[in-house]
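K.L.:
Structure below; questions to follow.
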Amino acid sequence: MTPHLHGPRFADSLLLSATSPEWASVAASQLDATLADHAHCEKKAAVSALALINDYPEDARLVRALGHVAEEEIAHFREVHARLLERGATLDRDRGDPYARALLALVRRDNRARKLDRLLVCALIEARSCERFGLLRGELELRGEAALARWYQRLESAEAGHAALFVHLASDEHGETETTTRVGELAREEARIVAELPLAPRIH
């Protein structure tokens with residue numbers, strides 16, 4: 001990890017692979033589908049934050065921090081949904097997220113390790129979202145969608161902040177060495193999972 005980095009640079013430092021540039025073209029060309037998937041991602045991010053609060057209510061710092069995250073993610077969900085409606089589209093049913101499911105399958109079972117892994121899986125998901133928002137922002141700029149690109153730039157920064165927060169929560173409890181080692185292990189698996197994903201109008 002590189003704690004001296006900030007914003008999207010910190011998020012990028014967690015990842016061990018880069019998304020294919022072709023993904024941004026696919027996502028921008030089928031923007032309604034991408035936005036619908038994005039909405040579901042924001043919704044599930046809020047649910048994940050609340051689930052951690054539910055499972056670790058004695059951790060006051062985590063509860064305070066993730067309470068704010070849940071609020072931000074729901075606010076982002078409402079923003080994405082509004083964008084969909086402005087475009088004359090609707091939010092379809094959630095088709096599930098094979099990427100997130102594969103990552104969550106890596107979470108260890110014993111209580112101490114499970115908490116660390118859940119925090120770091122959340123960090124990697126936020127980091128990958130940050131990276132892809134940046135790619136999509138660049139593609140939208142090329143297509144003359146300046147207002148939408150600026151909006152994605154703001155969300156990109158928010159995702160980076162969330163990724164850093166999850167890592168810091170993990171490090172505060174488990175220490176820098178253990179956290180760095182485990183996030184590296186999970187990042188290698190995350191890179192493998194991403195390499196197997198199809199190019200589709202989805203955030204993951």
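A note on labels: chains of the structure tokens are A, B, ... as shown, every chain counts residues from 1, and ligands are counted from 1 in their shown order.
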From a DSSP pass on the backbone, collect the residues of segment 30-157 of chain A flagged as helix (DSSP H, G or I) and hand them back as an MDAnalysis selection string.
P.N.:
chainID A and resid 31:55 60:86 98:104 111:142 146:157
K.L.:
Which segment 53-80 of chain A residues have any atom within 12 Å of an atom of segment 106-124 of chain A, and for each, what is the nearest pair of atoms with distance in Å to one decimal, counting only C-alpha atoms, rows sorted by chain and number, as CSV?
P.N.:
```
residue,atom,partner,partner_atom,distance
A:Ile53,CA,A:Lys115,CA,11.2
A:Asp55,CA,A:Lys115,CA,9.1
A:Tyr56,CA,A:Lys115,CA,8.6
A:Asp59,CA,A:Lys115,CA,11.2
A:Leu62,CA,A:Leu119,CA,10.1
A:Leu66,CA,A:Leu119,CA,10.7
A:Val69,CA,A:Cys122,CA,11.5
```
K.L.:
Which residue, A:Arg9, A:Arg143, A:His38, A:Arg182, has the smallest gap to Arg202 of chain A when you use only C-alpha atoms?
P.N.:
A:His38
K.L.:
Counting only C-alpha atoms, which of A:Ala187, A:Leu31, A:Ile193, A:Ala82 gets nearest to Glu145 of chain A?
P.N.:
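Of A:Ala187, A:Leu31, A:Ile193, A:Ala82, the one nearest Glu145 of chain A is A:Leu31, counting only C-alpha atoms.
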K.L.:
So that I can check the surroundings of Ala200 of chain A, please list as a list in words every protein, DNA and RNA residue that reaches within 12 Å of it, counting only C-alpha atoms and ignoring chain neighbours fewer than 2 positions away.
P.N.:
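Answer for this query is Thr19, Ser20, Glu22, Trp23, Ala24, Ser25, Val26, Ala27, Ala28, Ser29, Gln30, Leu31, Ala33, Thr34, Asp37, Val194, Glu196, Leu197, Pro198, Arg202, Ile203 and His204 of chain A.
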K.L.:
Which residues of segment 28-90 of chain A sit at most 10 Å from segment 94-98 of chain A, using only C-alpha atoms? Give each one's shortest atom pair and distance in Å (one decimal place), in chain and ascending residue order, as a tab-separated table.
P.N.:
```
residue	atom	partner	partner_atom	distance
A:Ala36	CA	A:Asp94	CA	8.5
A:Asp37	CA	A:Asp94	CA	7.4
A:Ala39	CA	A:Asp94	CA	9.3
A:His40	CA	A:Asp94	CA	6.4
A:Cys41	CA	A:Asp97	CA	8.5
A:Lys44	CA	A:Asp97	CA	9.9
```
K.L.:
Please save N, CA, C and O atoms of the selected residues as a PDB file, in the first residue's frame.
P.N.:
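And here is the file that came out, selection14.pdb:
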```pdb
ATOM      1  N   ALA A  36     -27.827   1.614 -15.270  1.00  0.00           N
ATOM      2  CA  ALA A  36     -28.683   0.726 -14.467  1.00  0.00           C
ATOM      3  C   ALA A  36     -27.823  -0.161 -13.563  1.00  0.00           C
ATOM      4  O   ALA A  36     -28.108  -0.327 -12.372  1.00  0.00           O
ATOM      5  N   ASP A  37     -26.756  -0.715 -14.127  1.00  0.00           N
ATOM      6  CA  ASP A  37     -25.868  -1.539 -13.312  1.00  0.00           C
ATOM      7  C   ASP A  37     -25.185  -0.690 -12.244  1.00  0.00           C
ATOM      8  O   ASP A  37     -25.035  -1.135 -11.093  1.00  0.00           O
ATOM      9  N   ALA A  39     -26.385   1.927 -10.769  1.00  0.00           N
ATOM     10  CA  ALA A  39     -27.352   2.166  -9.691  1.00  0.00           C
ATOM     11  C   ALA A  39     -27.385   0.997  -8.720  1.00  0.00           C
ATOM     12  O   ALA A  39     -27.371   1.180  -7.490  1.00  0.00           O
ATOM     13  N   HIS A  40     -27.421  -0.208  -9.256  1.00  0.00           N
ATOM     14  CA  HIS A  40     -27.441  -1.376  -8.380  1.00  0.00           C
ATOM     15  C   HIS A  40     -26.150  -1.491  -7.566  1.00  0.00           C
ATOM     16  O   HIS A  40     -26.176  -1.907  -6.400  1.00  0.00           O
ATOM     17  N   CYS A  41     -25.022  -1.113  -8.166  1.00  0.00           N
ATOM     18  CA  CYS A  41     -23.749  -1.150  -7.424  1.00  0.00           C
ATOM     19  C   CYS A  41     -23.781  -0.193  -6.239  1.00  0.00           C
ATOM     20  O   CYS A  41     -23.311  -0.534  -5.134  1.00  0.00           O
ATOM     21  N   LYS A  44     -25.978  -1.668  -3.510  1.00  0.00           N
ATOM     22  CA  LYS A  44     -25.340  -2.775  -2.790  1.00  0.00           C
ATOM     23  C   LYS A  44     -24.172  -2.308  -1.931  1.00  0.00           C
ATOM     24  O   LYS A  44     -23.885  -2.901  -0.892  1.00  0.00           O
TER      25      LYS A  44
END
```
K.L.:
Between A:Glu159, A:Glu139, A:Asp172, A:Glu131, which has the minimum distance to Glu42 of chain A (counting only C-alpha atoms)?
P.N.:
A:Glu159
K.L.:
Hey, can you check how far atom CA of Ala70 of chain A sits from atom CA of Phe166 of chain A?
P.N.:
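Answer for the atom CA of Ala70 of chain A to atom CA of Phe166 of chain A separation: 12.7 Å.
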